[in-house]
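Colleague: Sharing structure22.pdb here; it has PDB, C-alpha atoms and all ligand atoms.
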ATOM      1  CA  MET A   1       0.000   0.000   0.000  1.00  0.00           C
ATOM      2  CA  VAL A   2       2.723   2.457   1.001  1.00  0.00           C
ATOM      3  CA  ARG A   3       5.752   3.025  -1.239  1.00  0.00           C
ATOM      4  CA  SER A   4       8.093   4.689   1.224  1.00  0.00           C
ATOM      5  CA  ILE A   5       8.378   7.240   3.973  1.00  0.00           C
ATOM      6  CA  ASN A   6       8.235  10.509   2.031  1.00  0.00           C
ATOM      7  CA  HIS A   7       9.095  12.915   4.819  1.00  0.00           C
ATOM      8  CA  ILE A   8       8.994  13.543   8.551  1.00  0.00           C
ATOM      9  CA  GLY A   9       7.191  16.603   9.907  1.00  0.00           C
ATOM     10  CA  ILE A  10       8.629  18.422  12.914  1.00  0.00           C
ATOM     11  CA  ALA A  11       6.773  21.195  14.736  1.00  0.00           C
ATOM     12  CA  VAL A  12       9.015  24.150  15.566  1.00  0.00           C
ATOM     13  CA  ARG A  13       8.440  27.612  16.991  1.00  0.00           C
ATOM     14  CA  SER A  14      10.806  29.126  14.433  1.00  0.00           C
ATOM     15  CA  ILE A  15      12.378  27.638  11.312  1.00  0.00           C
ATOM     16  CA  ASP A  16      15.033  30.359  11.372  1.00  0.00           C
ATOM     17  CA  GLU A  17      16.042  29.439  14.923  1.00  0.00           C
ATOM     18  CA  MET A  18      16.292  25.715  14.136  1.00  0.00           C
ATOM     19  CA  ARG A  19      17.975  26.072  10.757  1.00  0.00           C
ATOM     20  CA  ALA A  20      21.499  26.217  12.219  1.00  0.00           C
ATOM     21  CA  PHE A  21      20.925  22.974  14.096  1.00  0.00           C
ATOM     22  CA  TYR A  22      19.751  21.071  11.040  1.00  0.00           C
ATOM     23  CA  GLU A  23      22.390  22.531   8.712  1.00  0.00           C
ATOM     24  CA  ASP A  24      25.433  22.756  10.971  1.00  0.00           C
ATOM     25  CA  VAL A  25      24.855  19.923  13.436  1.00  0.00           C
ATOM     26  CA  LEU A  26      23.104  17.340  11.238  1.00  0.00           C
ATOM     27  CA  GLY A  27      24.582  18.481   7.938  1.00  0.00           C
ATOM     28  CA  ALA A  28      21.146  18.680   6.376  1.00  0.00           C
ATOM     29  CA  ARG A  29      20.735  20.534   3.094  1.00  0.00           C
ATOM     30  CA  TYR A  30      18.280  23.421   3.266  1.00  0.00           C
ATOM     31  CA  GLU A  31      15.968  23.237   0.256  1.00  0.00           C
ATOM     32  CA  GLY A  32      13.756  26.264   0.774  1.00  0.00           C
ATOM     33  CA  GLU A  33      10.468  27.272   2.283  1.00  0.00           C
ATOM     34  CA  GLU A  34       6.846  27.461   1.418  1.00  0.00           C
ATOM     35  CA  THR A  35       3.780  28.886   3.131  1.00  0.00           C
ATOM     36  CA  VAL A  36       0.661  26.734   3.304  1.00  0.00           C
ATOM     37  CA  PRO A  37      -2.041  29.241   4.337  1.00  0.00           C
ATOM     38  CA  ASP A  38      -4.659  26.491   4.397  1.00  0.00           C
ATOM     39  CA  GLN A  39      -2.833  24.854   7.317  1.00  0.00           C
ATOM     40  CA  GLY A  40      -1.562  28.064   8.896  1.00  0.00           C
ATOM     41  CA  VAL A  41       2.096  27.077   8.583  1.00  0.00           C
ATOM     42  CA  ARG A  42       5.384  28.004   7.049  1.00  0.00           C
ATOM     43  CA  VAL A  43       7.231  24.872   5.982  1.00  0.00           C
ATOM     44  CA  GLY A  44      11.020  24.621   5.735  1.00  0.00           C
ATOM     45  CA  PHE A  45      12.455  21.708   3.763  1.00  0.00           C
ATOM     46  CA  PHE A  46      15.712  20.016   4.723  1.00  0.00           C
ATOM     47  CA  LEU A  47      17.323  16.932   3.216  1.00  0.00           C
ATOM     48  CA  VAL A  48      19.256  14.566   5.461  1.00  0.00           C
ATOM     49  CA  GLY A  49      20.743  12.034   3.073  1.00  0.00           C
ATOM     50  CA  ASP A  50      17.718  11.173   0.979  1.00  0.00           C
ATOM     51  CA  VAL A  51      15.197  11.741   3.766  1.00  0.00           C
ATOM     52  CA  ARG A  52      13.286  14.998   3.753  1.00  0.00           C
ATOM     53  CA  LEU A  53      12.416  16.786   6.979  1.00  0.00           C
ATOM     54  CA  GLU A  54       9.652  19.356   6.999  1.00  0.00           C
ATOM     55  CA  LEU A  55       9.914  21.941   9.738  1.00  0.00           C
ATOM     56  CA  LEU A  56       6.450  23.311  10.464  1.00  0.00           C
ATOM     57  CA  GLU A  57       6.260  26.783  11.938  1.00  0.00           C
ATOM     58  CA  PRO A  58       2.801  28.111  12.799  1.00  0.00           C
ATOM     59  CA  ILE A  59       1.863  31.472  11.280  1.00  0.00           C
ATOM     60  CA  ASP A  60      -1.581  31.379  12.842  1.00  0.00           C
ATOM     61  CA  ASP A  61      -2.282  30.830  16.559  1.00  0.00           C
ATOM     62  CA  GLU A  62      -5.370  28.776  15.751  1.00  0.00           C
ATOM     63  CA  SER A  63      -3.599  26.401  13.339  1.00  0.00           C
ATOM     64  CA  PRO A  64      -3.331  22.713  14.224  1.00  0.00           C
ATOM     65  CA  VAL A  65       0.463  23.018  14.496  1.00  0.00           C
ATOM     66  CA  ALA A  66       0.158  25.992  16.891  1.00  0.00           C
ATOM     67  CA  ARG A  67      -2.230  23.978  19.052  1.00  0.00           C
ATOM     68  CA  PHE A  68       0.091  20.961  18.883  1.00  0.00           C
ATOM     69  CA  ILE A  69       3.031  23.059  20.158  1.00  0.00           C
ATOM     70  CA  GLU A  70       0.876  24.599  22.862  1.00  0.00           C
ATOM     71  CA  ARG A  71      -0.215  21.168  24.098  1.00  0.00           C
ATOM     72  CA  ARG A  72       2.942  19.106  23.661  1.00  0.00           C
ATOM     73  CA  GLY A  73       5.765  21.497  22.903  1.00  0.00           C
ATOM     74  CA  PRO A  74       7.818  21.492  19.717  1.00  0.00           C
ATOM     75  CA  GLY A  75       8.945  18.131  18.366  1.00  0.00           C
ATOM     76  CA  LEU A  76       8.053  15.221  16.118  1.00  0.00           C
ATOM     77  CA  HIS A  77       4.700  16.011  14.493  1.00  0.00           C
ATOM     78  CA  HIS A  78       3.945  13.436  11.783  1.00  0.00           C
ATOM     79  CA  ILE A  79       5.347  10.918   9.357  1.00  0.00           C
ATOM     80  CA  ALA A  80       4.273  10.996   5.745  1.00  0.00           C
ATOM     81  CA  CYS A  81       3.978   7.896   3.593  1.00  0.00           C
ATOM     82  CA  ALA A  82       4.014   8.096  -0.197  1.00  0.00           C
ATOM     83  CA  VAL A  83       1.206   6.269  -1.979  1.00  0.00           C
ATOM     84  CA  ASP A  84       0.406   5.808  -5.660  1.00  0.00           C
ATOM     85  CA  ASP A  85      -3.299   6.522  -5.757  1.00  0.00           C
ATOM     86  CA  LEU A  86      -4.301   8.697  -2.839  1.00  0.00           C
ATOM     87  CA  ASP A  87      -8.020   8.771  -3.627  1.00  0.00           C
ATOM     88  CA  ALA A  88      -8.164   4.983  -3.836  1.00  0.00           C
ATOM     89  CA  ARG A  89      -6.223   4.669  -0.556  1.00  0.00           C
ATOM     90  CA  ILE A  90      -8.604   7.082   1.209  1.00  0.00           C
ATOM     91  CA  ALA A  91     -11.595   5.112  -0.081  1.00  0.00           C
ATOM     92  CA  GLN A  92      -9.968   1.874   1.090  1.00  0.00           C
ATOM     93  CA  LEU A  93      -9.306   3.266   4.569  1.00  0.00           C
ATOM     94  CA  LYS A  94     -12.904   4.456   4.856  1.00  0.00           C
ATOM     95  CA  THR A  95     -14.123   0.984   3.877  1.00  0.00           C
ATOM     96  CA  ARG A  96     -11.928  -0.485   6.588  1.00  0.00           C
ATOM     97  CA  GLY A  97     -13.288   1.960   9.159  1.00  0.00           C
ATOM     98  CA  VAL A  98      -9.958   3.676   9.776  1.00  0.00           C
ATOM     99  CA  ARG A  99     -10.449   7.102  11.373  1.00  0.00           C
ATOM    100  CA  LEU A 100      -9.337   9.966   9.145  1.00  0.00           C
ATOM    101  CA  ILE A 101      -8.794  13.664   9.696  1.00  0.00           C
ATOM    102  CA  ASP A 102      -9.153  14.327   5.968  1.00  0.00           C
ATOM    103  CA  GLU A 103     -12.027  12.546   4.263  1.00  0.00           C
ATOM    104  CA  ASP A 104     -10.819  14.006   0.968  1.00  0.00           C
ATOM    105  CA  ALA A 105      -7.350  14.737  -0.368  1.00  0.00           C
ATOM    106  CA  ARG A 106      -6.197  18.335  -0.109  1.00  0.00           C
ATOM    107  CA  SER A 107      -3.122  20.234  -1.240  1.00  0.00           C
ATOM    108  CA  GLY A 108      -0.045  20.155   0.928  1.00  0.00           C
ATOM    109  CA  ALA A 109       3.427  21.601   0.650  1.00  0.00           C
ATOM    110  CA  HIS A 110       5.945  20.520  -1.982  1.00  0.00           C
ATOM    111  CA  HIS A 111       3.420  19.835  -4.772  1.00  0.00           C
ATOM    112  CA  MET A 112       1.717  17.044  -2.894  1.00  0.00           C
ATOM    113  CA  ARG A 113      -1.841  15.979  -2.449  1.00  0.00           C
ATOM    114  CA  ILE A 114      -2.190  14.842   1.141  1.00  0.00           C
ATOM    115  CA  ALA A 115      -4.588  13.340   3.657  1.00  0.00           C
ATOM    116  CA  PHE A 116      -4.058  12.853   7.382  1.00  0.00           C
ATOM    117  CA  LEU A 117      -5.162   9.779   9.296  1.00  0.00           C
ATOM    118  CA  HIS A 118      -6.447  10.374  12.793  1.00  0.00           C
ATOM    119  CA  PRO A 119      -3.680   9.817  15.379  1.00  0.00           C
ATOM    120  CA  LYS A 120      -6.095   7.617  17.354  1.00  0.00           C
ATOM    121  CA  ALA A 121      -6.111   5.248  14.353  1.00  0.00           C
ATOM    122  CA  SER A 122      -2.341   4.885  14.446  1.00  0.00           C
ATOM    123  CA  GLY A 123      -1.266   4.580  18.066  1.00  0.00           C
ATOM    124  CA  GLY A 124      -0.728   8.298  18.587  1.00  0.00           C
ATOM    125  CA  VAL A 125       1.512   8.901  15.570  1.00  0.00           C
ATOM    126  CA  LEU A 126      -0.050  11.422  13.239  1.00  0.00           C
ATOM    127  CA  THR A 127       0.278   9.819   9.807  1.00  0.00           C
ATOM    128  CA  GLU A 128      -0.021  11.561   6.471  1.00  0.00           C
ATOM    129  CA  LEU A 129      -0.497   9.893   3.111  1.00  0.00           C
ATOM    130  CA  CYS A 130       0.850  11.881   0.206  1.00  0.00           C
ATOM    131  CA  GLN A 131       1.091  11.688  -3.546  1.00  0.00           C
ATOM    132  CA  PRO A 132       3.064  14.011  -5.807  1.00  0.00           C
ATOM    133  CA  VAL A 133       0.667  16.083  -7.910  1.00  0.00           C
ATOM    134  CA  GLU A 134       2.607  15.253 -11.119  1.00  0.00           C
ATOM    135  CA  SER A 135       1.958  11.522 -10.925  1.00  0.00           C
ATOM    136  CA  ASN A 136      -1.782  12.100 -10.648  1.00  0.00           C
ATOM    137  CA  GLU A 137      -2.102  13.722 -14.034  1.00  0.00           C
ATOM    138  CA  GLY A 138      -3.384  12.002 -17.134  1.00  0.00           C
TER
HETATM  139 ZN    ZN A 201       3.820  16.398   5.898  1.00  0.00          ZN
END
Step by step, read the file and then write its structure as C-alpha cells.
Modeller:
Amino acid sequence: MVRSINHIGIAVRSIDEMRAFYEDVLGARYEGEETVPDQGVRVGFFLVGDVRLELLEPIDDESPVARFIERRGPGLHHIACAVDDLDARIAQLKTRGVRLIDEDARSGAHHMRIAFLHPKASGGVLTELCQPVESNEG
C-alpha cells in the first residue's frame, strides 16, 4: 500500500532558529520554504541524506500546528507515507473503518496531495499519506 516514507514533519516555533541545528549539526541541506495558508504554517524543507524533513512553523495561533506546540511542545509532528493513488487509498481506509482527519485529499506543501489519518487510528503517531501532484495527471 505504502511506497516509502516521504518525509517527517517536525513542529518548531521558528524555522530560522532551528535552521542552524539542522544545517550545521546534522549536515542537512536546506531546500527552501513554502507557506501553506490552508494549514496556517510556514514549511522549511531540509534533506538529510535522501530523507526529507519538513519543519512546520505556525503562522496562525489557531492552526493545528500551533495547538500541537501549545499542548505538547515542539517536536516530532507526523510521518508521511508516499502512496500511488491517494483517492483509492482514502476510499480503502474508509471501507476499513480507519479514522481519518481528511475525508478528501487536499493540497499540501511541496506539490503534494495529502490526507491525514487520525492519530487515534495509528497509536498516537499522526500519519499523512501523500502523492506528488505530477503523478496524478493524465
Ligand atoms: Zn507532511
Colleague: Any chance you could tabulate, as JSON lines, the residues of chain A at most 10 Å from ligand ZN 201 (chain A) with each one's nearest atom pair and distance in Å to one decimal, using all atoms listed in the file, in chain and rising number order?
Modeller:
{"residue": "A:Asn6", "atom": "CA", "partner": "A:ZN201", "partner_atom": "ZN", "distance": 8.3}
{"residue": "A:His7", "atom": "CA", "partner": "A:ZN201", "partner_atom": "ZN", "distance": 6.4}
{"residue": "A:Ile8", "atom": "CA", "partner": "A:ZN201", "partner_atom": "ZN", "distance": 6.5}
{"residue": "A:Gly9", "atom": "CA", "partner": "A:ZN201", "partner_atom": "ZN", "distance": 5.2}
{"residue": "A:Ile10", "atom": "CA", "partner": "A:ZN201", "partner_atom": "ZN", "distance": 8.7}
{"residue": "A:Val43", "atom": "CA", "partner": "A:ZN201", "partner_atom": "ZN", "distance": 9.1}
{"residue": "A:Arg52", "atom": "CA", "partner": "A:ZN201", "partner_atom": "ZN", "distance": 9.8}
{"residue": "A:Leu53", "atom": "CA", "partner": "A:ZN201", "partner_atom": "ZN", "distance": 8.7}
{"residue": "A:Glu54", "atom": "CA", "partner": "A:ZN201", "partner_atom": "ZN", "distance": 6.6}
{"residue": "A:Leu55", "atom": "CA", "partner": "A:ZN201", "partner_atom": "ZN", "distance": 9.1}
{"residue": "A:Leu56", "atom": "CA", "partner": "A:ZN201", "partner_atom": "ZN", "distance": 8.7}
{"residue": "A:His77", "atom": "CA", "partner": "A:ZN201", "partner_atom": "ZN", "distance": 8.6}
{"residue": "A:His78", "atom": "CA", "partner": "A:ZN201", "partner_atom": "ZN", "distance": 6.6}
{"residue": "A:Ile79", "atom": "CA", "partner": "A:ZN201", "partner_atom": "ZN", "distance": 6.7}
{"residue": "A:Ala80", "atom": "CA", "partner": "A:ZN201", "partner_atom": "ZN", "distance": 5.4}
{"residue": "A:Cys81", "atom": "CA", "partner": "A:ZN201", "partner_atom": "ZN", "distance": 8.8}
{"residue": "A:Gly108", "atom": "CA", "partner": "A:ZN201", "partner_atom": "ZN", "distance": 7.3}
{"residue": "A:Ala109", "atom": "CA", "partner": "A:ZN201", "partner_atom": "ZN", "distance": 7.4}
{"residue": "A:His110", "atom": "CA", "partner": "A:ZN201", "partner_atom": "ZN", "distance": 9.1}
{"residue": "A:Met112", "atom": "CA", "partner": "A:ZN201", "partner_atom": "ZN", "distance": 9.1}
{"residue": "A:Ile114", "atom": "CA", "partner": "A:ZN201", "partner_atom": "ZN", "distance": 7.8}
{"residue": "A:Ala115", "atom": "CA", "partner": "A:ZN201", "partner_atom": "ZN", "distance": 9.2}
{"residue": "A:Phe116", "atom": "CA", "partner": "A:ZN201", "partner_atom": "ZN", "distance": 8.8}
{"residue": "A:Leu126", "atom": "CA", "partner": "A:ZN201", "partner_atom": "ZN", "distance": 9.7}
{"residue": "A:Thr127", "atom": "CA", "partner": "A:ZN201", "partner_atom": "ZN", "distance": 8.4}
{"residue": "A:Glu128", "atom": "CA", "partner": "A:ZN201", "partner_atom": "ZN", "distance": 6.2}
{"residue": "A:Leu129", "atom": "CA", "partner": "A:ZN201", "partner_atom": "ZN", "distance": 8.3}
{"residue": "A:Cys130", "atom": "CA", "partner": "A:ZN201", "partner_atom": "ZN", "distance": 7.9}
Colleague: Name the closest residue to A:Val125 among the candidates A:Ala91, A:Val48, A:Val83, A:Leu76; distances are taken between atoms, counting only C-alpha atoms.
Modeller: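 Ranking A:Ala91, A:Val48, A:Val83, A:Leu76 by distance to A:Val125, first place goes to A:Leu76.
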Colleague: Select, from A:Leu26, A:Met18, A:Leu117, A:Ile5, the residue with the minimum atom-to-atom distance to A:Lys94, counting only C-alpha atoms.
Modeller: A:Leu117
Colleague: Report as a list of chain:residue names the residues that result from applying the PyMOL selection byres (((chain A and resi 84) around 9) and not hetatm) to the structure here.
Modeller: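 In the shown coordinates, the PyMOL selection byres (((chain A and resi 84) around 9) and not hetatm) covers A:Met1, A:Val2, A:Arg3, A:Ala82, A:Val83, A:Asp85, A:Leu86, A:Ala88, A:Arg89, A:Cys130, A:Gln131, A:Pro132, A:Ser135, A:Asn136.
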Colleague: So, with all atoms listed in the file as the atoms that count, which of A:Asp60, A:Asp102, A:Asp24, A:Glu134 lies closest to A:Arg42?
Modeller: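 Distance minimum relative to A:Arg42 lands on A:Asp60.
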Colleague: To test your reading of the syntax: which residues would the PyMOL selection byres (((chain A and resi 16) around 12) and not hetatm) return for the file shown? Reply as a PDB file with C-alpha atoms, in the frame of the given file.
Modeller:
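Below you can see expr_6.pdb, which holds the result:
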ATOM      1  CA  VAL A  12       9.015  24.150  15.566  1.00  0.00           C
ATOM      2  CA  ARG A  13       8.440  27.612  16.991  1.00  0.00           C
ATOM      3  CA  SER A  14      10.806  29.126  14.433  1.00  0.00           C
ATOM      4  CA  ILE A  15      12.378  27.638  11.312  1.00  0.00           C
ATOM      5  CA  GLU A  17      16.042  29.439  14.923  1.00  0.00           C
ATOM      6  CA  MET A  18      16.292  25.715  14.136  1.00  0.00           C
ATOM      7  CA  ARG A  19      17.975  26.072  10.757  1.00  0.00           C
ATOM      8  CA  ALA A  20      21.499  26.217  12.219  1.00  0.00           C
ATOM      9  CA  PHE A  21      20.925  22.974  14.096  1.00  0.00           C
ATOM     10  CA  TYR A  22      19.751  21.071  11.040  1.00  0.00           C
ATOM     11  CA  GLU A  23      22.390  22.531   8.712  1.00  0.00           C
ATOM     12  CA  TYR A  30      18.280  23.421   3.266  1.00  0.00           C
ATOM     13  CA  GLY A  32      13.756  26.264   0.774  1.00  0.00           C
ATOM     14  CA  GLU A  33      10.468  27.272   2.283  1.00  0.00           C
ATOM     15  CA  ARG A  42       5.384  28.004   7.049  1.00  0.00           C
ATOM     16  CA  VAL A  43       7.231  24.872   5.982  1.00  0.00           C
ATOM     17  CA  GLY A  44      11.020  24.621   5.735  1.00  0.00           C
ATOM     18  CA  PHE A  45      12.455  21.708   3.763  1.00  0.00           C
ATOM     19  CA  LEU A  55       9.914  21.941   9.738  1.00  0.00           C
ATOM     20  CA  LEU A  56       6.450  23.311  10.464  1.00  0.00           C
ATOM     21  CA  GLU A  57       6.260  26.783  11.938  1.00  0.00           C
TER      22      GLU A  57
END
Colleague: Have a look at atom CA of A:Ala121 and atom CA of A:Leu100 and let me know their distance in Å, one decimal.
Modeller: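 A separation of 7.7 Å between them.
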Colleague: Can you turn the PyMOL selection byres (((chain A and resi 37) around 10) and not hetatm) into a concrete residue list for this file, as a PyMOL selection string?
Modeller: chain A and resi 34-36+38-42+58-60+63+108
Colleague: Record the distance separating atom CA of A:Ala11 and atom CA of A:Glu70, expressed in Å with one decimal.
Modeller: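 Taking atom CA of A:Ala11 and atom CA of A:Glu70, their separation equals 10.6 Å.
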Colleague: Which residue gives the smallest distance to A:Leu47 among A:His111, A:Arg99, A:Arg72, A:Arg29, with all atoms listed in the file counted?
Modeller: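 Comparing A:His111, A:Arg99, A:Arg72, A:Arg29 against A:Leu47, the winner is A:Arg29.
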Colleague: Once 8 Å is added on each side, what are the centre and the three edge lengths, in Å to one decimal, of the axis-aligned box enclosing the listed atoms of stretch 69-87 of chain A? Present them as lines of an AutoDock Vina configuration file.
Modeller:
center_x = 0.5
center_y = 15.2
center_z = 9.2
size_x = 33.0
size_y = 34.8
size_z = 45.9
Colleague: Kindly indicate which residue among A:Arg113, A:Gly124, A:Pro74, A:Phe46 lies nearest to A:Ile90, using all atoms listed in the file for the distances.
Modeller: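 Checking each candidate against A:Ile90, we get A:Arg113 as the closest.
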Colleague: Measure the distance from atom CA of A:Val98 to atom CA of A:Pro64 in Å and round it to one decimal.
Modeller: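 One can read the atom CA of A:Val98 to atom CA of A:Pro64 distance as 20.6 Å.
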Colleague: Using all atoms listed in the file, find the one residue out of A:Asp61, A:Arg71, A:Val133, A:Gly27 that sits nearest to A:Arg106.
Modeller: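 Closest to A:Arg106 of all the choices is A:Val133.
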